[in-house]
$ cat run_15.cif   # mmCIF, C-alpha atoms
data_structure
#
loop_
_atom_site.label_atom_id
_atom_site.label_comp_id
_atom_site.auth_asym_id
_atom_site.auth_seq_id
_atom_site.Cartn_x
_atom_site.Cartn_y
_atom_site.Cartn_z
CA MET A 5 104.31 6.33 0.54
CA ASP A 6 106.83 4.67 -1.77
CA LYS A 7 108.47 7.58 -3.58
CA GLN A 8 108.87 5.46 -6.70
CA ILE A 9 105.24 4.44 -6.92
CA VAL A 10 104.05 3.74 -10.46
CA LEU A 11 100.40 2.77 -10.96
CA VAL A 12 99.16 1.80 -14.41
CA ILE A 13 95.44 1.97 -15.17
CA GLY A 14 94.00 0.84 -18.48
CA GLY A 15 90.78 -0.18 -20.16
CA PRO A 16 88.89 -0.02 -23.45
CA GLY A 17 87.01 3.10 -24.51
CA LYS A 18 84.30 4.25 -22.06
CA SER A 19 85.20 1.62 -19.47
CA GLY A 20 85.76 4.40 -16.94
CA SER A 21 89.49 3.81 -16.64
CA SER A 22 90.37 7.49 -17.16
CA THR A 23 87.92 8.54 -14.43
CA ILE A 24 89.45 6.04 -12.02
CA ALA A 25 92.98 7.11 -12.98
CA LYS A 26 92.08 10.71 -12.08
CA MET A 27 90.57 9.61 -8.76
CA LEU A 28 93.73 7.64 -7.93
CA ALA A 29 95.97 10.57 -8.90
CA ASP A 30 94.00 12.81 -6.51
CA TYR A 31 94.07 10.19 -3.75
CA PHE A 32 97.82 9.56 -3.94
CA GLN A 33 98.66 13.16 -4.95
CA LEU A 34 100.60 11.92 -7.95
CA GLU A 35 101.04 13.24 -11.47
CA LEU A 36 98.62 11.74 -13.99
CA ILE A 37 99.94 10.93 -17.46
CA GLN A 38 97.37 9.91 -20.09
CA GLY A 39 98.77 8.01 -23.05
CA GLY A 40 95.63 8.60 -25.11
CA LYS A 41 95.74 12.33 -24.47
CA ALA A 42 99.39 12.50 -25.53
CA PHE A 43 98.54 10.64 -28.74
CA LYS A 44 95.61 12.97 -29.46
CA GLU A 45 97.78 16.06 -28.92
CA ILE A 46 100.35 14.83 -31.42
CA ALA A 47 97.64 13.86 -33.93
CA LYS A 48 95.90 17.22 -33.47
CA GLY A 49 99.17 18.96 -34.30
CA LYS A 50 98.94 17.31 -37.69
CA GLU A 51 95.76 19.32 -38.41
CA PHE A 52 93.14 16.56 -38.40
CA ASN A 53 89.62 17.43 -37.24
CA SER A 54 89.31 14.34 -35.06
CA LEU A 55 91.22 11.28 -33.92
CA GLU A 56 88.97 9.14 -36.14
CA ASP A 57 90.01 11.23 -39.17
CA PHE A 58 93.65 10.82 -38.20
CA TYR A 59 93.30 7.03 -38.12
CA ARG A 60 91.27 7.01 -41.34
CA TYR A 61 93.57 9.17 -43.43
CA SER A 62 97.03 8.55 -41.99
CA SER A 63 99.42 5.90 -43.22
CA PRO A 64 100.17 2.93 -40.94
CA SER A 65 103.78 4.11 -40.69
CA GLU A 66 102.69 7.56 -39.47
CA ILE A 67 100.43 6.02 -36.79
CA LEU A 68 103.24 3.64 -35.78
CA LYS A 69 105.64 6.56 -35.43
CA ILE A 70 103.32 8.36 -32.99
CA ASP A 71 102.63 5.14 -31.07
CA LYS A 72 106.35 4.66 -30.52
CA GLU A 73 106.85 8.31 -29.56
CA VAL A 74 104.10 8.10 -26.91
CA ASP A 75 105.33 4.73 -25.62
CA ASP A 76 108.90 6.05 -25.33
CA ARG A 77 107.52 8.94 -23.27
CA LEU A 78 105.66 6.52 -20.98
CA ARG A 79 108.76 4.35 -20.52
CA SER A 80 110.79 7.37 -19.44
CA ILE A 81 108.07 8.63 -17.09
CA ALA A 82 107.61 5.21 -15.48
CA LYS A 83 111.33 4.92 -14.77
CA ARG A 84 111.22 8.33 -13.10
CA GLY A 85 108.43 7.18 -10.75
CA ASN A 86 105.76 8.98 -8.72
CA VAL A 87 103.12 8.75 -11.41
CA ILE A 88 99.77 7.31 -12.44
CA ILE A 89 99.84 6.17 -16.07
CA ASP A 90 96.51 5.91 -17.88
CA SER A 91 97.15 3.77 -20.94
CA LYS A 92 95.60 0.91 -22.89
CA VAL A 93 98.95 -0.65 -23.67
CA PHE A 94 101.49 0.25 -20.98
CA ALA A 95 100.65 -2.56 -18.53
CA ALA A 96 101.39 -5.11 -21.24
CA LEU A 97 104.40 -3.20 -22.51
CA SER A 98 105.91 -2.88 -19.03
CA THR A 99 105.34 -6.60 -18.42
CA ILE A 100 107.05 -7.58 -21.67
CA GLU A 101 109.97 -5.20 -21.09
CA ASN A 102 110.29 -5.79 -17.32
CA ILE A 103 109.67 -2.13 -16.44
CA GLN A 104 109.00 -1.93 -12.70
CA CYS A 105 105.49 -0.86 -11.73
CA SER A 106 103.91 -0.87 -8.28
CA ALA A 107 100.60 -2.21 -9.61
CA LYS A 108 98.77 -2.54 -12.92
CA VAL A 109 94.97 -2.51 -13.11
CA TRP A 110 92.73 -3.16 -16.13
CA ILE A 111 89.15 -1.86 -15.94
CA ASP A 112 86.67 -3.42 -18.33
CA ALA A 113 82.92 -3.24 -18.96
CA SER A 114 80.60 -4.92 -21.42
CA LEU A 115 80.13 -3.27 -24.80
CA ASP A 116 76.46 -2.59 -23.97
CA VAL A 117 77.44 -0.73 -20.80
CA ARG A 118 80.19 1.21 -22.55
CA VAL A 119 77.77 2.25 -25.30
CA LYS A 120 75.24 3.37 -22.68
CA ARG A 121 77.86 5.42 -20.83
CA ALA A 122 79.09 7.08 -24.01
CA PHE A 123 75.54 7.81 -25.16
CA GLU A 124 74.56 9.38 -21.83
CA LYS A 125 77.66 11.54 -21.90
CA GLU A 126 77.17 12.73 -25.48
CA VAL A 127 73.41 13.14 -25.75
CA SER A 128 71.30 15.49 -23.67
CA GLY A 129 68.16 13.40 -24.13
CA ASN A 130 66.30 16.06 -26.12
CA ASP A 131 66.87 14.44 -29.51
CA GLY A 132 64.19 12.46 -31.29
CA LYS A 133 63.94 8.70 -30.84
CA LEU A 134 65.29 7.88 -34.30
CA ILE A 135 68.27 10.19 -33.83
CA ASN A 136 69.02 8.53 -30.48
CA VAL A 137 68.88 5.06 -32.03
CA LEU A 138 71.23 6.16 -34.81
CA LYS A 139 73.58 7.76 -32.30
CA LYS A 140 73.72 4.58 -30.23
CA TYR A 141 74.44 2.57 -33.36
CA GLU A 142 77.26 4.97 -34.29
CA ILE A 143 78.75 4.79 -30.78
CA ARG A 144 78.59 0.97 -30.76
CA ARG A 145 80.22 0.78 -34.18
CA ASN A 146 82.99 3.18 -33.16
CA LEU A 147 83.73 1.46 -29.84
CA SER A 148 83.70 -1.98 -31.44
CA SER A 149 85.90 -1.02 -34.39
CA ARG A 150 88.29 0.86 -32.10
CA TYR A 151 88.70 -2.20 -29.87
CA LYS A 152 89.44 -4.40 -32.88
CA TYR A 153 91.84 -1.82 -34.25
CA ASP A 154 93.69 -1.52 -30.92
CA ARG A 155 93.88 -5.30 -30.58
CA ARG A 156 95.45 -5.64 -34.03
CA ARG A 157 97.70 -2.62 -33.59
CA TYR A 158 99.19 -3.72 -30.25
CA LYS A 159 99.63 -7.28 -31.50
CA ASN A 160 101.58 -6.00 -34.48
CA LEU A 161 103.61 -3.53 -32.41
CA TYR A 162 104.55 -5.64 -29.41
CA GLY A 163 102.94 -9.08 -29.72
CA ILE A 164 100.37 -8.19 -27.03
CA ASP A 165 97.40 -10.50 -26.44
CA TYR A 166 94.90 -7.68 -25.97
CA ASP A 167 91.96 -9.98 -25.22
CA HIS A 168 93.72 -11.50 -22.18
CA GLN A 169 94.67 -8.59 -19.94
CA GLU A 170 95.13 -10.93 -16.95
CA LYS A 171 98.52 -11.79 -18.48
CA TYR A 172 99.76 -8.25 -17.89
CA ASN A 173 97.76 -6.78 -15.01
CA ASP A 174 97.74 -7.48 -11.28
CA LEU A 175 94.01 -6.80 -11.09
CA VAL A 176 91.32 -7.03 -13.78
CA ILE A 177 87.91 -5.57 -12.89
CA ASP A 178 84.63 -5.74 -14.79
CA ASN A 179 82.90 -2.60 -13.55
CA SER A 180 79.73 -3.02 -15.65
CA ASP A 181 77.61 -3.09 -12.48
CA GLN A 182 79.71 -0.70 -10.39
CA SER A 183 79.76 3.02 -9.78
CA PRO A 184 83.11 4.81 -10.11
CA ASP A 185 83.28 5.02 -6.30
CA GLN A 186 82.77 1.27 -5.95
CA THR A 187 85.50 0.55 -8.49
CA PHE A 188 87.83 3.05 -6.84
CA ASN A 189 87.27 1.56 -3.37
CA LEU A 190 87.92 -1.94 -4.68
CA ILE A 191 91.23 -0.81 -6.19
CA ILE A 192 92.26 1.04 -3.01
CA LYS A 193 91.60 -2.10 -0.95
CA PHE A 194 93.65 -4.15 -3.41
CA LEU A 195 96.51 -1.64 -3.27
CA LYS A 196 96.47 -1.46 0.54
CA ASP A 197 96.53 -5.26 0.73
CA ALA A 198 99.56 -5.15 -1.57
CA GLY A 199 101.26 -2.64 0.74
CA ILE A 200 100.76 0.38 -1.48
CA LYS A 201 99.47 3.22 0.68
CA LYS A 202 99.52 7.00 0.58
#

$ encode --input "run_15.cif" --output "structure tokens"
Amino acid sequence: MDKQIVLVIGGPGKSGSSTIAKMLADYFQLELIQGGKAFKEIAKGKEFNSLEDFYRYSSPSEILKIDKEVDDRLRSIAKRGNVIIDSKVFAALSTIENIQCSAKVWIDASLDVRVKRAFEKEVSGNDGKLINVLKKYEIRRNLSSRYKYDRRRYKNLYGIDYDHQEKYNDLVIDNSDQSPDQTFNLIIKFLKDAGIKK
């Protein structure tokens, strides 16, 4: 295996990109770095109850400061090599800044599918019908607003065209109708065809 392998996996909320990133990290026996997790850890240190509260009550300059801190971390880690980077923005950032990556993969799914996945993960199924409908509405609203927020934020930060991930990624997959194993196997085939093997 290439000792400087750097795989970047990204996708919108509940697309399954983090699950696939973990599967790839296990497969290649590489360190997994999650940009979203790093951001959450920094935000949590600022004593907010949730990430949503952090976004709601923080100033744009404070959010920008953390964004840049996380992105600087990812730049440094990518240059070191031997890593899987799970990030919504790093594929685009590395393309713009000519940071060498072995492969960059964007995993997408329709909003309906992402809502369904989030709902099934959060709700046990024992709630009443009205509560379930309200929960689905809340999840849809949060996923939709988060996507719009990320699109605006990354455009302002780096000029990224968030709606056109094919500009920045070697492979873009819509996994709406796929299991995690199917998506994983598709990526492994793509990587092997590109000469990236464990």

$ resolve_selection --input "run_15.cif" --expression "the PyMOL selection byres ((chain A and resi 109) around 6)" --output "NGL selection string"
:A and (13 or 108 or 110 or 173-176)

$ closest_residue --input "run_15.cif" --among "A:Arg121, A:Lys171, A:Asp165, A:Gln8" --to "Leu147 in chain A" --atoms "all atoms listed in the file"
A:Arg121

$ closest_residue --input "run_15.cif" --among "A:Ala95, A:Ser80, A:Gly39, A:Ile111" --to "Pro184 in chain A" --atoms "all atoms listed in the file"
A:Ile111

$ closest_residue --input "run_15.cif" --among "A:Lys41, A:Lys125, A:Lys50, A:Lys120" --to "Ser91 in chain A" --atoms "only C-alpha atoms"
A:Lys41

$ closest_residue --input "run_15.cif" --among "A:Glu66, A:Glu51, A:Asp57, A:Asp90" --to "Val12 in chain A" --atoms "only C-alpha atoms"
A:Asp90

$ resolve_selection --input "run_15.cif" --expression "the PyMOL selection byres ((chain A and resi 46) around 12)" --output "MDAnalysis selection string"
chainID A and resid 39:45 47:52 54:55 58 66:67 69:74

$ resolve_selection --input "run_15.cif" --expression "the PyMOL selection byres ((chain A and resi 188) around 12)" --output "short mmCIF file (atom, residue, chain, number, x, y, z; two decimals) with C-alpha atoms, in the coordinates of the input"
data_model
loop_
_atom_site.label_atom_id
_atom_site.label_comp_id
_atom_site.auth_asym_id
_atom_site.auth_seq_id
_atom_site.Cartn_x
_atom_site.Cartn_y
_atom_site.Cartn_z
CA ILE A 13 95.44 1.97 -15.17
CA GLY A 20 85.76 4.40 -16.94
CA SER A 21 89.49 3.81 -16.64
CA SER A 22 90.37 7.49 -17.16
CA THR A 23 87.92 8.54 -14.43
CA ILE A 24 89.45 6.04 -12.02
CA ALA A 25 92.98 7.11 -12.98
CA LYS A 26 92.08 10.71 -12.08
CA MET A 27 90.57 9.61 -8.76
CA LEU A 28 93.73 7.64 -7.93
CA ALA A 29 95.97 10.57 -8.90
CA ASP A 30 94.00 12.81 -6.51
CA TYR A 31 94.07 10.19 -3.75
CA VAL A 109 94.97 -2.51 -13.11
CA ILE A 111 89.15 -1.86 -15.94
CA ILE A 177 87.91 -5.57 -12.89
CA ASN A 179 82.90 -2.60 -13.55
CA GLN A 182 79.71 -0.70 -10.39
CA SER A 183 79.76 3.02 -9.78
CA PRO A 184 83.11 4.81 -10.11
CA ASP A 185 83.28 5.02 -6.30
CA GLN A 186 82.77 1.27 -5.95
CA THR A 187 85.50 0.55 -8.49
CA ASN A 189 87.27 1.56 -3.37
CA LEU A 190 87.92 -1.94 -4.68
CA ILE A 191 91.23 -0.81 -6.19
CA ILE A 192 92.26 1.04 -3.01
CA LYS A 193 91.60 -2.10 -0.95
CA PHE A 194 93.65 -4.15 -3.41
CA LEU A 195 96.51 -1.64 -3.27
#

$ atom_distance --input "run_15.cif" --atom1 "CA of Asp76 in chain A" --atom2 "CA of Leu97 in chain A"
10.7 Å

$ atom_distance --input "run_15.cif" --atom1 "CA of Ala82 in chain A" --atom2 "CA of Lys152 in chain A"
26.9 Å

$ atom_distance --input "run_15.cif" --atom1 "CA of Gly85 in chain A" --atom2 "CA of Ser98 in chain A"
13.3 Å

$ residues_around --input "run_15.cif" --residues "Ile200 in chain A" --least-positions-apart "3" --cutoff "9 Å" --atoms "all atoms listed in the file" --output "ChimeraX atom specification"
/A:5-6,9,106-107,192,194-197

$ closest_residue --input "run_15.cif" --among "A:Glu126, A:Asp181, A:Glu170, A:Glu101" --to "Asp75 in chain A" --atoms "all atoms listed in the file"
A:Glu101

$ closest_residue --input "run_15.cif" --among "A:Asn146, A:Asn53, A:Gln33, A:Asn102" --to "Val119 in chain A" --atoms "all atoms listed in the file"
A:Asn146

$ build_atoms --input "run_15.cif" --residues "range 134-170 of chain A" --atoms "N, CA and C atoms" --output "CSV table (one decimal), keeping the file's coordinate frame"
chain,number,residue,atom,x,y,z
A,134,LEU,N,64.5,8.4,-33.2
A,134,LEU,CA,65.3,7.9,-34.3
A,134,LEU,C,66.7,8.4,-34.2
A,135,ILE,N,66.9,9.6,-33.9
A,135,ILE,CA,68.3,10.2,-33.8
A,135,ILE,C,69.0,9.5,-32.7
A,136,ASN,N,68.4,9.2,-31.6
A,136,ASN,CA,69.0,8.5,-30.5
A,136,ASN,C,69.4,7.1,-30.9
A,137,VAL,N,68.6,6.4,-31.6
A,137,VAL,CA,68.9,5.1,-32.0
A,137,VAL,C,70.1,5.1,-33.0
A,138,LEU,N,70.1,6.0,-33.9
A,138,LEU,CA,71.2,6.2,-34.8
A,138,LEU,C,72.5,6.5,-34.1
A,139,LYS,N,72.4,7.4,-33.1
A,139,LYS,CA,73.6,7.8,-32.3
A,139,LYS,C,74.1,6.6,-31.5
A,140,LYS,N,73.3,5.8,-30.9
A,140,LYS,CA,73.7,4.6,-30.2
A,140,LYS,C,74.4,3.6,-31.2
A,141,TYR,N,73.8,3.5,-32.4
A,141,TYR,CA,74.4,2.6,-33.4
A,141,TYR,C,75.8,3.1,-33.7
A,142,GLU,N,76.0,4.4,-33.9
A,142,GLU,CA,77.3,5.0,-34.3
A,142,GLU,C,78.3,4.8,-33.2
A,143,ILE,N,77.9,5.0,-31.9
A,143,ILE,CA,78.8,4.8,-30.8
A,143,ILE,C,79.2,3.3,-30.7
A,144,ARG,N,78.3,2.4,-30.8
A,144,ARG,CA,78.6,1.0,-30.8
A,144,ARG,C,79.6,0.6,-31.9
A,145,ARG,N,79.3,1.1,-33.1
A,145,ARG,CA,80.2,0.8,-34.2
A,145,ARG,C,81.6,1.3,-33.9
A,146,ASN,N,81.7,2.6,-33.4
A,146,ASN,CA,83.0,3.2,-33.2
A,146,ASN,C,83.8,2.5,-32.1
A,147,LEU,N,83.1,2.1,-30.9
A,147,LEU,CA,83.7,1.5,-29.8
A,147,LEU,C,84.2,0.1,-30.2
A,148,SER,N,83.4,-0.6,-31.0
A,148,SER,CA,83.7,-2.0,-31.4
A,148,SER,C,84.9,-2.0,-32.4
A,149,SER,N,84.8,-1.1,-33.4
A,149,SER,CA,85.9,-1.0,-34.4
A,149,SER,C,87.2,-0.5,-33.8
A,150,ARG,N,87.1,0.4,-32.8
A,150,ARG,CA,88.3,0.9,-32.1
A,150,ARG,C,89.0,-0.3,-31.3
A,151,TYR,N,88.1,-1.1,-30.6
A,151,TYR,CA,88.7,-2.2,-29.9
A,151,TYR,C,89.4,-3.2,-30.8
A,152,LYS,N,88.8,-3.5,-31.9
A,152,LYS,CA,89.4,-4.4,-32.9
A,152,LYS,C,90.7,-3.8,-33.5
A,153,TYR,N,90.7,-2.5,-33.7
A,153,TYR,CA,91.8,-1.8,-34.2
A,153,TYR,C,93.0,-1.8,-33.2
A,154,ASP,N,92.7,-1.5,-32.0
A,154,ASP,CA,93.7,-1.5,-30.9
A,154,ASP,C,94.3,-2.9,-30.7
A,155,ARG,N,93.4,-3.9,-30.8
A,155,ARG,CA,93.9,-5.3,-30.6
A,155,ARG,C,94.9,-5.7,-31.7
A,156,ARG,N,94.6,-5.3,-32.9
A,156,ARG,CA,95.4,-5.6,-34.0
A,156,ARG,C,96.7,-4.8,-34.0
A,157,ARG,N,96.6,-3.5,-33.6
A,157,ARG,CA,97.7,-2.6,-33.6
A,157,ARG,C,98.7,-3.0,-32.5
A,158,TYR,N,98.3,-3.4,-31.3
A,158,TYR,CA,99.2,-3.7,-30.2
A,158,TYR,C,99.8,-5.1,-30.5
A,159,LYS,N,99.1,-6.0,-31.1
A,159,LYS,CA,99.6,-7.3,-31.5
A,159,LYS,C,100.8,-7.1,-32.5
A,160,ASN,N,100.6,-6.2,-33.5
A,160,ASN,CA,101.6,-6.0,-34.5
A,160,ASN,C,102.8,-5.3,-33.9
A,161,LEU,N,102.5,-4.3,-33.0
A,161,LEU,CA,103.6,-3.5,-32.4
A,161,LEU,C,104.5,-4.3,-31.5
A,162,TYR,N,103.8,-5.0,-30.5
A,162,TYR,CA,104.6,-5.6,-29.4
A,162,TYR,C,104.2,-7.1,-29.1
A,163,GLY,N,103.3,-7.7,-30.0
A,163,GLY,CA,102.9,-9.1,-29.7
A,163,GLY,C,102.0,-9.2,-28.5
A,164,ILE,N,101.3,-8.2,-28.2
A,164,ILE,CA,100.4,-8.2,-27.0
A,164,ILE,C,99.1,-8.9,-27.3
A,165,ASP,N,98.7,-9.8,-26.4
A,165,ASP,CA,97.4,-10.5,-26.4
A,165,ASP,C,96.3,-9.6,-25.8
A,166,TYR,N,95.8,-8.7,-26.5
A,166,TYR,CA,94.9,-7.7,-26.0
A,166,TYR,C,93.6,-8.2,-25.3
A,167,ASP,N,93.2,-9.4,-25.8
A,167,ASP,CA,92.0,-10.0,-25.2
A,167,ASP,C,92.2,-10.6,-23.9
A,168,HIS,N,93.4,-10.8,-23.4
A,168,HIS,CA,93.7,-11.5,-22.2
A,168,HIS,C,94.6,-10.6,-21.3
A,169,GLN,N,94.0,-9.6,-20.7
A,169,GLN,CA,94.7,-8.6,-19.9
A,169,GLN,C,95.2,-9.2,-18.6
A,170,GLU,N,94.6,-10.3,-18.2
A,170,GLU,CA,95.1,-10.9,-17.0
A,170,GLU,C,96.6,-11.3,-17.1
